[in-house]
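Shown next: final_15.pdb, given as PDB, C-alpha atoms.
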```pdb
ATOM      1  CA  MET M   1    -213.942 166.531-108.467
ATOM      2  CA  GLU M   2    -215.149 164.773-105.329
ATOM      3  CA  ASN M   3    -214.207 167.744-103.159
ATOM      4  CA  ARG M   4    -215.968 170.131-105.516
ATOM      5  CA  THR M   5    -219.092 167.960-105.385
ATOM      6  CA  ARG M   6    -219.023 168.112-101.586
ATOM      7  CA  VAL M   7    -218.860 171.898-101.683
ATOM      8  CA  PHE M   8    -221.750 172.144-104.150
ATOM      9  CA  ALA M   9    -223.799 169.794-101.974
ATOM     10  CA  ALA M  10    -223.079 171.968 -98.918
ATOM     11  CA  VAL M  11    -224.096 175.110-100.810
ATOM     12  CA  GLY M  12    -227.289 173.351-101.910
ATOM     13  CA  LEU M  13    -228.061 172.355 -98.320
ATOM     14  CA  THR M  14    -227.525 175.930 -97.145
ATOM     15  CA  VAL M  15    -229.801 177.397 -99.811
ATOM     16  CA  THR M  16    -232.432 174.752 -99.033
ATOM     17  CA  MET M  17    -232.460 175.625 -95.332
ATOM     18  CA  PHE M  18    -232.787 179.338 -96.088
ATOM     19  CA  LEU M  19    -235.697 178.622 -98.430
ATOM     20  CA  LEU M  20    -237.367 176.432 -95.791
ATOM     21  CA  VAL M  21    -237.113 179.246 -93.245
ATOM     22  CA  GLN M  22    -238.607 181.722 -95.722
ATOM     23  CA  LEU M  23    -241.398 179.449 -96.935
ATOM     24  CA  GLY M  24    -242.160 178.383 -93.373
ATOM     25  CA  ALA M  25    -242.501 182.026 -92.332
ATOM     26  CA  LEU M  26    -244.869 182.666 -95.256
ATOM     27  CA  VAL M  27    -247.029 179.699 -94.270
ATOM     28  CA  LEU M  28    -247.159 180.883 -90.653
ATOM     29  CA  VAL M  29    -247.951 184.595 -91.007
ATOM     30  CA  GLU M  30    -251.714 184.208 -91.412
ATOM     31  CA  PRO M  31    -252.144 181.510 -88.700
ATOM     32  CA  PHE M  32    -249.978 183.559 -86.323
ATOM     33  CA  GLN M  33    -252.083 186.657 -86.939
ATOM     34  CA  GLN M  34    -255.319 184.729 -86.451
ATOM     35  CA  ALA M  35    -253.955 183.231 -83.230
ATOM     36  CA  GLY M  36    -253.220 186.716 -81.878
ATOM     37  CA  TYR M  37    -249.434 186.295 -81.855
ATOM     38  CA  GLN M  38    -248.702 189.803 -83.148
ATOM     39  CA  GLN M  39    -246.132 191.162 -80.700
ATOM     40  CA  VAL M  40    -246.892 194.906 -80.892
ATOM     41  CA  GLU M  41    -250.013 197.051 -80.926
ATOM     42  CA  ASN M  42    -248.939 199.197 -83.882
ATOM     43  CA  PRO M  43    -246.769 197.296 -86.406
ATOM     44  CA  SER M  44    -246.257 200.477 -88.454
ATOM     45  CA  ASP M  45    -244.504 202.334 -85.635
ATOM     46  CA  PRO M  46    -240.808 202.679 -86.648
ATOM     47  CA  THR M  47    -239.750 202.929 -82.994
ATOM     48  CA  ASN M  48    -240.500 199.194 -82.737
ATOM     49  CA  SER M  49    -237.277 198.619 -84.664
ATOM     50  CA  LEU M  50    -235.256 200.732 -82.233
ATOM     51  CA  VAL M  51    -236.725 198.837 -79.279
ATOM     52  CA  TYR M  52    -235.757 195.526 -80.862
ATOM     53  CA  VAL M  53    -232.232 196.695 -81.674
ATOM     54  CA  GLY M  54    -231.891 197.868 -78.065
ATOM     55  CA  ALA M  55    -233.036 194.434 -76.902
ATOM     56  CA  VAL M  56    -230.403 192.813 -79.149
ATOM     57  CA  LEU M  57    -227.671 194.966 -77.603
ATOM     58  CA  VAL M  58    -228.846 194.158 -74.076
ATOM     59  CA  MET M  59    -229.044 190.423 -74.784
ATOM     60  CA  THR M  60    -225.599 190.485 -76.388
ATOM     61  CA  GLY M  61    -224.209 192.134 -73.251
ATOM     62  CA  ILE M  62    -225.899 189.557 -71.022
ATOM     63  CA  MET M  63    -224.568 186.671 -73.099
ATOM     64  CA  LEU M  64    -221.032 188.082 -73.040
ATOM     65  CA  ALA M  65    -221.295 188.479 -69.261
ATOM     66  CA  ILE M  66    -222.450 184.868 -68.886
ATOM     67  CA  ILE M  67    -219.523 183.681 -70.973
ATOM     68  CA  LYS M  68    -217.053 185.802 -68.992
ATOM     69  CA  LEU M  69    -218.420 184.422 -65.717
ATOM     70  CA  ASP M  70    -218.077 180.877 -67.115
ATOM     71  CA  VAL M  71    -221.695 179.913 -66.415
ATOM     72  CA  GLN M  72    -222.568 178.913 -69.971
ATOM     73  CA  TRP M  73    -225.021 176.308 -68.688
ATOM     74  CA  LEU M  74    -227.368 179.208 -67.964
ATOM     75  CA  LEU M  75    -227.161 180.316 -71.583
ATOM     76  CA  ARG M  76    -227.635 176.797 -72.913
ATOM     77  CA  GLY M  77    -230.662 176.222 -70.699
ATOM     78  CA  ALA M  78    -232.233 179.537 -71.700
ATOM     79  CA  LEU M  79    -231.735 178.923 -75.405
ATOM     80  CA  ILE M  80    -233.077 175.374 -75.247
ATOM     81  CA  PHE M  81    -236.142 176.720 -73.437
ATOM     82  CA  THR M  82    -236.511 179.411 -76.117
ATOM     83  CA  SER M  83    -236.245 176.723 -78.791
ATOM     84  CA  GLY M  84    -239.071 174.809 -77.167
ATOM     85  CA  LEU M  85    -241.169 177.961 -76.818
ATOM     86  CA  LEU M  86    -240.784 178.975 -80.468
ATOM     87  CA  SER M  87    -241.499 175.390 -81.518
ATOM     88  CA  TRP M  88    -244.672 175.450 -79.454
ATOM     89  CA  TYR M  89    -245.775 178.652 -81.199
ATOM     90  CA  VAL M  90    -245.328 176.909 -84.544
ATOM     91  CA  PHE M  91    -246.863 173.567 -83.592
ATOM     92  CA  SER M  92    -249.839 175.219 -81.895
ATOM     93  CA  VAL M  93    -251.018 176.675 -85.224
ATOM     94  CA  VAL M  94    -250.113 173.778 -87.545
ATOM     95  CA  ILE M  95    -251.127 170.757 -85.428
ATOM     96  CA  PRO M  96    -254.894 170.316 -85.115
ATOM     97  CA  GLY M  97    -256.202 170.454 -81.557
ATOM     98  CA  TRP M  98    -256.991 166.749 -81.246
ATOM     99  CA  LEU M  99    -256.346 166.864 -77.525
ATOM    100  CA  VAL M 100    -256.929 170.157 -75.763
ATOM    101  CA  VAL M 101    -256.901 170.572 -72.008
ATOM    102  CA  SER M 102    -257.579 173.611 -69.864
ATOM    103  CA  VAL M 103    -254.598 174.991 -67.968
ATOM    104  CA  GLY M 104    -255.463 177.936 -65.746
ATOM    105  CA  GLY M 105    -258.598 178.467 -67.785
ATOM    106  CA  ALA M 106    -256.660 178.616 -71.088
ATOM    107  CA  PRO M 107    -256.913 175.835 -73.714
ATOM    108  CA  VAL M 108    -253.620 174.040 -74.380
ATOM    109  CA  ASN M 109    -252.937 171.840 -77.405
ATOM    110  CA  VAL M 110    -251.305 168.858 -75.693
ATOM    111  CA  VAL M 111    -249.972 167.352 -78.936
ATOM    112  CA  ALA M 112    -248.309 170.647 -79.900
ATOM    113  CA  LEU M 113    -246.883 170.992 -76.407
ATOM    114  CA  ALA M 114    -245.495 167.445 -76.533
ATOM    115  CA  ALA M 115    -243.924 168.081 -79.955
ATOM    116  CA  ALA M 116    -242.270 171.264 -78.702
ATOM    117  CA  GLY M 117    -241.015 169.376 -75.650
ATOM    118  CA  ALA M 118    -239.534 166.732 -77.943
ATOM    119  CA  VAL M 119    -237.594 169.419 -79.833
ATOM    120  CA  ALA M 120    -236.172 170.836 -76.600
ATOM    121  CA  LEU M 121    -235.347 167.337 -75.318
ATOM    122  CA  ALA M 122    -233.562 166.381 -78.540
ATOM    123  CA  LEU M 123    -231.447 169.531 -78.312
ATOM    124  CA  ALA M 124    -230.620 168.768 -74.699
ATOM    125  CA  VAL M 125    -229.625 165.118 -75.094
ATOM    126  CA  HIS M 126    -228.525 164.665 -78.716
ATOM    127  CA  PRO M 127    -227.494 167.947 -80.374
ATOM    128  CA  GLU M 128    -226.094 166.369 -83.545
ATOM    129  CA  TRP M 129    -225.841 168.624 -86.599
ATOM    130  CA  TYR M 130    -229.094 167.420 -88.148
ATOM    131  CA  VAL M 131    -230.963 168.020 -84.870
ATOM    132  CA  ILE M 132    -229.465 171.502 -84.630
ATOM    133  CA  ASP M 133    -230.370 172.290 -88.247
ATOM    134  CA  ALA M 134    -233.917 170.914 -88.031
ATOM    135  CA  ALA M 135    -234.582 172.854 -84.835
ATOM    136  CA  GLY M 136    -232.958 175.935 -86.363
ATOM    137  CA  VAL M 137    -235.192 175.852 -89.445
ATOM    138  CA  LEU M 138    -238.267 175.394 -87.245
ATOM    139  CA  MET M 139    -237.242 178.214 -84.910
ATOM    140  CA  GLY M 140    -236.189 180.425 -87.809
ATOM    141  CA  ALA M 141    -239.525 180.080 -89.575
ATOM    142  CA  GLY M 142    -241.378 180.762 -86.339
ATOM    143  CA  ALA M 143    -239.282 183.801 -85.418
ATOM    144  CA  ALA M 144    -239.466 185.266 -88.935
ATOM    145  CA  GLY M 145    -243.230 184.748 -89.019
ATOM    146  CA  LEU M 146    -243.707 186.416 -85.623
ATOM    147  CA  PHE M 147    -241.515 189.392 -86.504
ATOM    148  CA  GLY M 148    -242.992 189.563 -89.996
ATOM    149  CA  ILE M 149    -246.505 190.238 -88.683
ATOM    150  CA  SER M 150    -245.159 192.557 -85.978
ATOM    151  CA  PHE M 151    -242.952 194.819 -88.134
ATOM    152  CA  GLY M 152    -244.646 196.801 -90.892
ATOM    153  CA  LEU M 153    -242.807 197.671 -94.089
ATOM    154  CA  LEU M 154    -240.920 200.733 -92.793
ATOM    155  CA  PRO M 155    -240.026 199.171 -89.412
ATOM    156  CA  ALA M 156    -238.826 196.011 -91.181
ATOM    157  CA  ILE M 157    -236.613 197.997 -93.562
ATOM    158  CA  LEU M 158    -235.194 200.034 -90.676
ATOM    159  CA  LEU M 159    -234.625 196.917 -88.581
ATOM    160  CA  LEU M 160    -232.748 195.077 -91.312
ATOM    161  CA  THR M 161    -230.671 198.148 -92.194
ATOM    162  CA  VAL M 162    -229.576 198.856 -88.619
ATOM    163  CA  LEU M 163    -228.780 195.186 -87.947
ATOM    164  CA  ALA M 164    -226.725 194.957 -91.145
ATOM    165  CA  VAL M 165    -224.637 197.934 -90.038
ATOM    166  CA  TYR M 166    -224.325 196.506 -86.508
ATOM    167  CA  ASP M 167    -223.274 193.140 -87.919
ATOM    168  CA  ALA M 168    -220.519 194.695 -90.008
ATOM    169  CA  ILE M 169    -219.237 196.726 -87.061
ATOM    170  CA  SER M 170    -219.315 193.763 -84.664
ATOM    171  CA  VAL M 171    -217.422 191.521 -87.092
ATOM    172  CA  TYR M 172    -214.940 193.875 -88.758
ATOM    173  CA  GLY M 173    -214.681 196.578 -86.104
ATOM    174  CA  THR M 174    -215.162 195.810 -82.419
ATOM    175  CA  GLU M 175    -214.952 192.029 -83.038
ATOM    176  CA  HIS M 176    -217.043 191.351 -79.922
ATOM    177  CA  MET M 177    -219.052 188.879 -82.003
ATOM    178  CA  LEU M 178    -215.937 186.724 -82.033
ATOM    179  CA  THR M 179    -215.988 186.416 -78.254
ATOM    180  CA  LEU M 180    -219.675 185.597 -78.297
ATOM    181  CA  ALA M 181    -219.219 183.073 -81.089
ATOM    182  CA  SER M 182    -216.400 181.209 -79.389
ATOM    183  CA  GLY M 183    -218.422 181.121 -76.190
ATOM    184  CA  VAL M 184    -221.575 179.586 -77.683
ATOM    185  CA  MET M 185    -219.918 177.189 -80.128
ATOM    186  CA  ASP M 186    -219.336 174.417 -77.613
ATOM    187  CA  LEU M 187    -222.885 174.730 -76.258
ATOM    188  CA  LYS M 188    -224.239 172.997 -79.383
ATOM    189  CA  ILE M 189    -227.483 174.937 -79.561
ATOM    190  CA  PRO M 190    -229.417 176.221 -82.599
ATOM    191  CA  VAL M 191    -227.987 179.704 -82.817
ATOM    192  CA  ILE M 192    -226.096 178.404 -85.845
ATOM    193  CA  LEU M 193    -226.796 176.249 -88.864
ATOM    194  CA  VAL M 194    -224.212 173.498 -89.235
ATOM    195  CA  ILE M 195    -223.258 172.723 -92.841
ATOM    196  CA  PRO M 196    -221.232 169.494 -93.068
ATOM    197  CA  LEU M 197    -218.973 168.930 -96.074
ATOM    198  CA  SER M 198    -218.333 165.306 -95.144
ATOM    199  CA  ALA M 199    -220.853 162.486 -94.735
ATOM    200  CA  SER M 200    -218.909 161.244 -91.726
ATOM    201  CA  TYR M 201    -218.886 164.584 -89.902
ATOM    202  CA  SER M 202    -220.299 164.588 -86.368
ATOM    203  CA  PHE M 203    -221.022 167.829 -84.542
ATOM    204  CA  LEU M 204    -221.157 165.877 -81.272
ATOM    205  CA  ASP M 205    -217.598 164.651 -81.771
ATOM    206  CA  ASP M 206    -216.285 168.028 -82.929
ATOM    207  CA  ASP M 207    -214.303 169.374 -79.975
ATOM    208  CA  GLY M 208    -213.444 172.575 -81.802
ATOM    209  CA  GLY M 209    -210.459 171.183 -83.577
ATOM    210  CA  ALA M 210    -212.148 170.775 -86.930
ATOM    211  CA  GLU M 211    -211.368 173.472 -89.435
ATOM    212  CA  ALA M 212    -214.390 175.588 -90.251
ATOM    213  CA  THR M 213    -215.269 178.714 -92.110
ATOM    214  CA  GLU M 214    -218.085 180.835 -90.805
ATOM    215  CA  THR M 215    -220.153 183.746 -91.943
ATOM    216  CA  GLY M 216    -220.756 186.675 -89.666
ATOM    217  CA  GLY M 217    -224.048 187.903 -88.306
ATOM    218  CA  GLU M 218    -225.492 185.918 -85.424
ATOM    219  CA  SER M 219    -222.731 183.391 -85.925
ATOM    220  CA  GLU M 220    -219.045 182.682 -85.799
ATOM    221  CA  ALA M 221    -216.807 185.034 -87.735
ATOM    222  CA  SER M 222    -213.175 185.931 -88.112
ATOM    223  CA  ALA M 223    -212.031 189.523 -88.129
ATOM    224  CA  ALA M 224    -210.665 191.429 -91.056
ATOM    225  CA  ASP M 225    -206.895 191.374 -91.414
ATOM    226  CA  GLY M 226    -206.575 194.828 -89.925
ATOM    227  CA  GLY M 227    -205.510 194.672 -86.281
ATOM    228  CA  ARG M 228    -204.482 191.020 -86.371
ATOM    229  CA  THR M 229    -201.325 189.856 -84.705
ATOM    230  CA  GLU M 230    -198.639 188.168 -86.794
ATOM    231  CA  GLU M 231    -199.589 184.851 -85.190
ATOM    232  CA  GLU M 232    -203.253 185.287 -86.151
ATOM    233  CA  THR M 233    -202.372 186.234 -89.710
ATOM    234  CA  ALA M 234    -200.064 183.219 -90.017
ATOM    235  CA  ALA M 235    -202.762 180.920 -88.635
ATOM    236  CA  GLU M 236    -205.226 182.274 -91.196
ATOM    237  CA  ALA M 237    -202.751 181.664 -93.988
ATOM    238  CA  GLU M 238    -202.290 178.053 -92.874
ATOM    239  CA  ARG M 239    -206.012 177.264 -92.838
ATOM    240  CA  PRO M 240    -206.908 174.591 -95.401
ATOM    241  CA  GLU M 241    -209.035 175.295 -98.446
ATOM    242  CA  MET M 242    -212.781 174.995 -98.009
ATOM    243  CA  ASP M 243    -213.007 171.744 -99.961
ATOM    244  CA  GLU M 244    -210.529 170.183 -97.517
ATOM    245  CA  ARG M 245    -212.656 170.950 -94.463
ATOM    246  CA  ASP M 246    -215.422 169.018 -92.779
ATOM    247  CA  VAL M 247    -217.886 171.776 -91.900
ATOM    248  CA  PHE M 248    -218.764 175.434 -91.992
ATOM    249  CA  PHE M 249    -221.315 177.423 -90.017
ATOM    250  CA  ILE M 250    -223.887 180.103 -90.713
ATOM    251  CA  GLY M 251    -225.637 182.019 -87.972
ATOM    252  CA  LEU M 252    -229.343 181.317 -87.587
ATOM    253  CA  GLY M 253    -229.899 185.073 -87.485
ATOM    254  CA  ASP M 254    -228.531 185.257 -91.017
ATOM    255  CA  ALA M 255    -231.508 183.169 -92.139
ATOM    256  CA  VAL M 256    -234.094 184.810 -89.875
ATOM    257  CA  MET M 257    -233.467 188.525 -90.408
ATOM    258  CA  PRO M 258    -233.921 188.703 -94.212
ATOM    259  CA  SER M 259    -236.912 186.372 -93.862
ATOM    260  CA  VAL M 260    -238.544 189.030 -91.654
ATOM    261  CA  MET M 261    -238.596 191.287 -94.726
ATOM    262  CA  VAL M 262    -240.093 188.487 -96.794
ATOM    263  CA  ALA M 263    -242.847 187.848 -94.244
ATOM    264  CA  SER M 264    -243.522 191.556 -93.710
ATOM    265  CA  ALA M 265    -243.836 192.099 -97.472
ATOM    266  CA  ALA M 266    -246.249 189.184 -97.746
ATOM    267  CA  PHE M 267    -248.373 190.401 -94.838
ATOM    268  CA  PHE M 268    -248.369 194.193 -95.213
ATOM    269  CA  ALA M 269    -247.768 194.925 -98.916
ATOM    270  CA  PRO M 270    -251.063 195.329-100.822
ATOM    271  CA  PRO M 271    -250.406 193.105-103.895
ATOM    272  CA  GLU M 272    -252.497 189.930-103.913
ATOM    273  CA  PRO M 273    -250.938 186.508-103.216
ATOM    274  CA  LEU M 274    -249.545 184.687-106.220
ATOM    275  CA  VAL M 275    -250.449 181.237-104.883
ATOM    276  CA  SER M 276    -253.595 180.215-103.052
ATOM    277  CA  GLY M 277    -253.039 179.051 -99.480
ATOM    278  CA  ILE M 278    -249.715 180.803 -98.888
ATOM    279  CA  ALA M 279    -248.967 184.478 -98.260
ATOM    280  CA  LEU M 280    -246.648 184.937-101.233
ATOM    281  CA  ASN M 281    -247.090 188.086-103.292
ATOM    282  CA  LEU M 282    -244.677 189.575-105.823
ATOM    283  CA  PRO M 283    -242.758 191.790-103.340
ATOM    284  CA  ALA M 284    -242.269 188.800-101.016
ATOM    285  CA  LEU M 285    -241.126 186.602-103.911
ATOM    286  CA  THR M 286    -238.555 189.112-105.161
ATOM    287  CA  SER M 287    -237.380 189.633-101.576
ATOM    288  CA  MET M 288    -236.754 185.879-101.399
ATOM    289  CA  VAL M 289    -234.840 186.030-104.681
ATOM    290  CA  GLY M 290    -232.754 188.944-103.409
ATOM    291  CA  THR M 291    -231.956 187.078-100.187
ATOM    292  CA  ILE M 292    -230.804 183.962-102.044
ATOM    293  CA  ALA M 293    -228.711 186.104-104.410
ATOM    294  CA  GLY M 294    -227.039 187.717-101.390
ATOM    295  CA  LEU M 295    -226.535 184.272 -99.845
ATOM    296  CA  LEU M 296    -224.825 182.930-102.963
ATOM    297  CA  VAL M 297    -222.452 185.904-103.036
ATOM    298  CA  LEU M 298    -221.762 185.414 -99.325
ATOM    299  CA  LEU M 299    -221.042 181.702 -99.792
ATOM    300  CA  TRP M 300    -218.770 182.484-102.744
ATOM    301  CA  MET M 301    -216.784 184.804-100.480
ATOM    302  CA  VAL M 302    -216.753 182.270 -97.625
ATOM    303  CA  LEU M 303    -215.616 179.464 -99.918
ATOM    304  CA  LYS M 304    -212.489 181.460-100.606
ATOM    305  CA  GLY M 305    -211.498 180.717 -97.026
ATOM    306  CA  ARG M 306    -212.444 183.881 -95.144
ATOM    307  CA  ALA M 307    -215.344 184.603 -92.859
ATOM    308  CA  HIS M 308    -217.575 187.593 -93.454
ATOM    309  CA  ALA M 309    -220.452 189.480 -91.910
ATOM    310  CA  GLY M 310    -223.577 187.929 -93.383
ATOM    311  CA  LEU M 311    -226.326 190.486 -92.817
ATOM    312  CA  PRO M 312    -225.053 193.298 -95.072
ATOM    313  CA  LEU M 313    -225.394 191.048 -98.118
ATOM    314  CA  LEU M 314    -228.441 189.101 -96.954
ATOM    315  CA  ASN M 315    -230.480 192.009 -95.612
ATOM    316  CA  GLY M 316    -229.402 194.178 -98.511
ATOM    317  CA  GLY M 317    -230.580 191.518-100.940
ATOM    318  CA  ALA M 318    -233.887 191.106 -99.103
ATOM    319  CA  ILE M 319    -234.619 194.855 -99.037
ATOM    320  CA  GLY M 320    -233.467 195.441-102.605
ATOM    321  CA  GLY M 321    -235.450 192.496-103.903
ATOM    322  CA  TYR M 322    -238.533 193.653-102.037
ATOM    323  CA  LEU M 323    -238.325 197.171-103.485
ATOM    324  CA  VAL M 324    -237.980 195.811-107.020
ATOM    325  CA  GLY M 325    -241.050 193.613-106.585
ATOM    326  CA  ALA M 326    -243.047 196.352-104.874
ATOM    327  CA  LEU M 327    -242.421 198.839-107.678
ATOM    328  CA  ALA M 328    -243.054 196.178-110.338
ATOM    329  CA  SER M 329    -246.406 195.380-108.731
ATOM    330  CA  GLY M 330    -247.575 198.983-109.053
ATOM    331  CA  MET M 331    -246.756 200.351-105.599
ATOM    332  CA  THR M 332    -245.256 203.822-105.425
ATOM    333  CA  LEU M 333    -241.859 204.252-103.809
ATOM    334  CA  MET M 334    -243.478 205.942-100.805
ATOM    335  CA  GLN M 335    -245.895 203.036-100.420
ATOM    336  CA  ALA M 336    -243.061 200.547-100.762
ATOM    337  CA  LEU M 337    -241.137 202.323 -97.993
ATOM    338  CA  GLY M 338    -244.200 202.290 -95.780
ATOM    339  CA  LEU M 339    -244.441 206.107 -95.705
TER     340      LEU M 339
END
```
So, in terms of structure tokens, how does the structure I just supplied come out?
Amino acid sequence: MENRTRVFAAVGLTVTMFLLVQLGALVLVEPFQQAGYQQVENPSDPTNSLVYVGAVLVMTGIMLAIIKLDVQWLLRGALIFTSGLLSWYVFSVVIPGWLVVSVGGAPVNVVALAAAGAVALALAVHPEWYVIDAAGVLMGAGAAGLFGISFGLLPAILLLTVLAVYDAISVYGTEHMLTLASGVMDLKIPVILVIPLSASYSFLDDDGGAEATETGGESEASAADGGRTEEETAAEAERPEMDERDVFFIGLGDAVMPSVMVASAAFFAPPEPLVSGIALNLPALTSMVGTIAGLLVLLWMVLKGRAHAGLPLLNGGAIGGYLVGALASGMTLMQALGL
């Protein structure tokens, strides 16, 4: 019973973090737009999705090259800097400008800058699991909000569909995500969400020996049985049950990508917001529901002791949920698809 309670608590923590990323993105879409943070000139252009996917492939190649050359400190430094930058984007629109100074003629919110610096510093000096998760939720909300206002409905659907296919191929087919995952795991940076199943678990003290189950996506994943050596298959068979482990991991991208659909639906779909003060309309709400449904199915599969690609279920749930809400709110199918 105690082990089962630990698993339920871990599932609850995972769902909570996904919801925080989604709700954070919804809170940020309007302030980001007002601050001029939209990343493209024409959010409705479907080629934006292809450009982003190309950037993902290039960055994946660069990261694999860094790992192969054994200069992971470059990757860690770059990702910590990116964490601070995304945090600054978020803090700059949510922290009032109590102290603003001019830097090169541009106003800078010093308090927001200091808060973002504190996030980067905490990741650099004390990357415990709760620091990683807090920074990941903050970064995830910021990234989803930025992409949400930059990808219209059709580009968002295309982006999530292509990335879901790529995720499945990279986990079950080429398996290059495995090399990337093993290379970034020891860097202790917020490209993953760390879900402890034990109150005594320490990510800082985890030297890689702790048993863990991971989802796929922008995270750690094991391959399908096909193509495994006998030794790998035997090792998989000897892995302990989930409730006997200390931790499992979910890629931060698994939380961000479906949240892009949520934010895009809230920003670009015509139905009015359901709640005053937050960009949450019916299509965005049902997209959230679809994402969480996909997450629960994914966790159910992971809890059986095998890792899986996350984005097919998560992105599929986000898109499917969005379409249900869009049609229920009176949009035509062509409108819902952004055509």
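With all atoms listed in the file taken into account, the protein and nucleic acid residues at most 9 Å from Met261 in chain M (excluding it and anything under 4 positions from it in its own chain) are Ala144, Phe147, Gly148, Phe151, Leu153, Ala156, Ile157, Leu160, Met257, Ala265, Ala266, Ala284, Ser287, Met288, Asn315, Ala318, Ile319 and Tyr322 of chain M.
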- Query: For the file shown, what are the residues hit by the PyMOL selection byres ((chain M and resi 289) around 12), laid out as a PyMOL selection string?
  - Reply: chain M and resi 15+18-19+22+258-259+261-262+282-288+290-296+314-325
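With CA of Ser276 in chain M on one side and CA of Asp45 in chain M on the other, the separation reads 29.6 Å.
Excluding range 197-205 of chain M itself and same-chain residues fewer than 3 positions from it, the residues having an atom within 6 Å of it are Arg6, Ala10, Glu128, Trp129, Asp246 and Val247 of chain M, counting all atoms listed in the file.
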- I need the residue set behind the PyMOL selection byres ((chain M and resi 135-142) around 7) for this file; please write it as a ChimeraX atom specification. /M:17,20-22,24-25,83,86-87,90,119,131-134,143-146,190,193,252,255-256
Step by step, work through what the PyMOL selection byres ((chain M and resi 52-60) around 10) selects in the shown file, and finish by giving those residues as an mmCIF file with C-alpha atoms, keeping the file's coordinate frame.
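File produced: result.cif:
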```cif
data_model
loop_
_atom_site.group_PDB
_atom_site.id
_atom_site.type_symbol
_atom_site.label_atom_id
_atom_site.label_comp_id
_atom_site.auth_asym_id
_atom_site.auth_seq_id
_atom_site.Cartn_x
_atom_site.Cartn_y
_atom_site.Cartn_z
ATOM 1 C CA THR M 47 -239.750 202.929 -82.994
ATOM 2 C CA ASN M 48 -240.500 199.194 -82.737
ATOM 3 C CA SER M 49 -237.277 198.619 -84.664
ATOM 4 C CA LEU M 50 -235.256 200.732 -82.233
ATOM 5 C CA VAL M 51 -236.725 198.837 -79.279
ATOM 6 C CA GLY M 61 -224.209 192.134 -73.251
ATOM 7 C CA ILE M 62 -225.899 189.557 -71.022
ATOM 8 C CA MET M 63 -224.568 186.671 -73.099
ATOM 9 C CA LEU M 64 -221.032 188.082 -73.040
ATOM 10 C CA ALA M 65 -221.295 188.479 -69.261
ATOM 11 C CA ILE M 66 -222.450 184.868 -68.886
ATOM 12 C CA LEU M 159 -234.625 196.917 -88.581
ATOM 13 C CA LEU M 160 -232.748 195.077 -91.312
ATOM 14 C CA VAL M 162 -229.576 198.856 -88.619
ATOM 15 C CA LEU M 163 -228.780 195.186 -87.947
ATOM 16 C CA TYR M 166 -224.325 196.506 -86.508
ATOM 17 C CA HIS M 176 -217.043 191.351 -79.922
ATOM 18 C CA MET M 177 -219.052 188.879 -82.003
ATOM 19 C CA LEU M 180 -219.675 185.597 -78.297
#
```
- Message: I'd like the interatomic distance between CA of Ala112 in chain M and CA of Phe91 in chain M, to a tenth of an Å.
- Response: 4.9 Å
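CA of Gln33 in chain M is found 23.9 Å from CA of Asp254 in chain M.
Between Leu333 in chain M and the candidates M:Asp167, M:Leu154, M:Pro312, M:Val71, the tightest atom-to-atom separation, counting all atoms listed in the file, involves M:Leu154.
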- Message: If we draw a sphere of 10 Å around (-225.8, 181.7, -70.4), which residues have at least one atom in it when counting only C-alpha atoms? Please report them as a list in words.
- Response: Ile62, Met63, Leu64, Ala65, Ile66, Ile67, Lys68, Leu69, Asp70, Val71, Gln72, Trp73, Leu74, Leu75, Arg76, Gly77, Ala78, Leu79, Gly183, Val184 and Leu187 of chain M
Restricting the output to C-alpha atoms, write the selected residues as a PDB file, in the frame of the given file.
```
ATOM      1  CA  ILE M  62    -225.899 189.557 -71.022  1.00  0.00           C
ATOM      2  CA  MET M  63    -224.568 186.671 -73.099  1.00  0.00           C
ATOM      3  CA  LEU M  64    -221.032 188.082 -73.040  1.00  0.00           C
ATOM      4  CA  ALA M  65    -221.295 188.479 -69.261  1.00  0.00           C
ATOM      5  CA  ILE M  66    -222.450 184.868 -68.886  1.00  0.00           C
ATOM      6  CA  ILE M  67    -219.523 183.681 -70.973  1.00  0.00           C
ATOM      7  CA  LYS M  68    -217.053 185.802 -68.992  1.00  0.00           C
ATOM      8  CA  LEU M  69    -218.420 184.422 -65.717  1.00  0.00           C
ATOM      9  CA  ASP M  70    -218.077 180.877 -67.115  1.00  0.00           C
ATOM     10  CA  VAL M  71    -221.695 179.913 -66.415  1.00  0.00           C
ATOM     11  CA  GLN M  72    -222.568 178.913 -69.971  1.00  0.00           C
ATOM     12  CA  TRP M  73    -225.021 176.308 -68.688  1.00  0.00           C
ATOM     13  CA  LEU M  74    -227.368 179.208 -67.964  1.00  0.00           C
ATOM     14  CA  LEU M  75    -227.161 180.316 -71.583  1.00  0.00           C
ATOM     15  CA  ARG M  76    -227.635 176.797 -72.913  1.00  0.00           C
ATOM     16  CA  GLY M  77    -230.662 176.222 -70.699  1.00  0.00           C
ATOM     17  CA  ALA M  78    -232.233 179.537 -71.700  1.00  0.00           C
ATOM     18  CA  LEU M  79    -231.735 178.923 -75.405  1.00  0.00           C
ATOM     19  CA  GLY M 183    -218.422 181.121 -76.190  1.00  0.00           C
ATOM     20  CA  VAL M 184    -221.575 179.586 -77.683  1.00  0.00           C
ATOM     21  CA  LEU M 187    -222.885 174.730 -76.258  1.00  0.00           C
TER      22      LEU M 187
END
```
Around all the atoms of range 154-160 of chain M listed in the file, with 5 Å of room on each side, what axis-aligned box do you get, giving centre and edge lengths in Å to one decimal, as JSON?
```
{"center_x": -236.8, "center_y": 197.9, "center_z": -91.1, "size_x": 18.2, "size_y": 15.7, "size_z": 15.0}
```
- Task: Give me the residues within 8 Å of Leu113 in chain M as JSON, numbers by chain, counting all atoms listed in the file and dropping any in the same chain fewer than 4 places off.
- Result: {"M": [88, 91, 92, 108, 109, 117]}
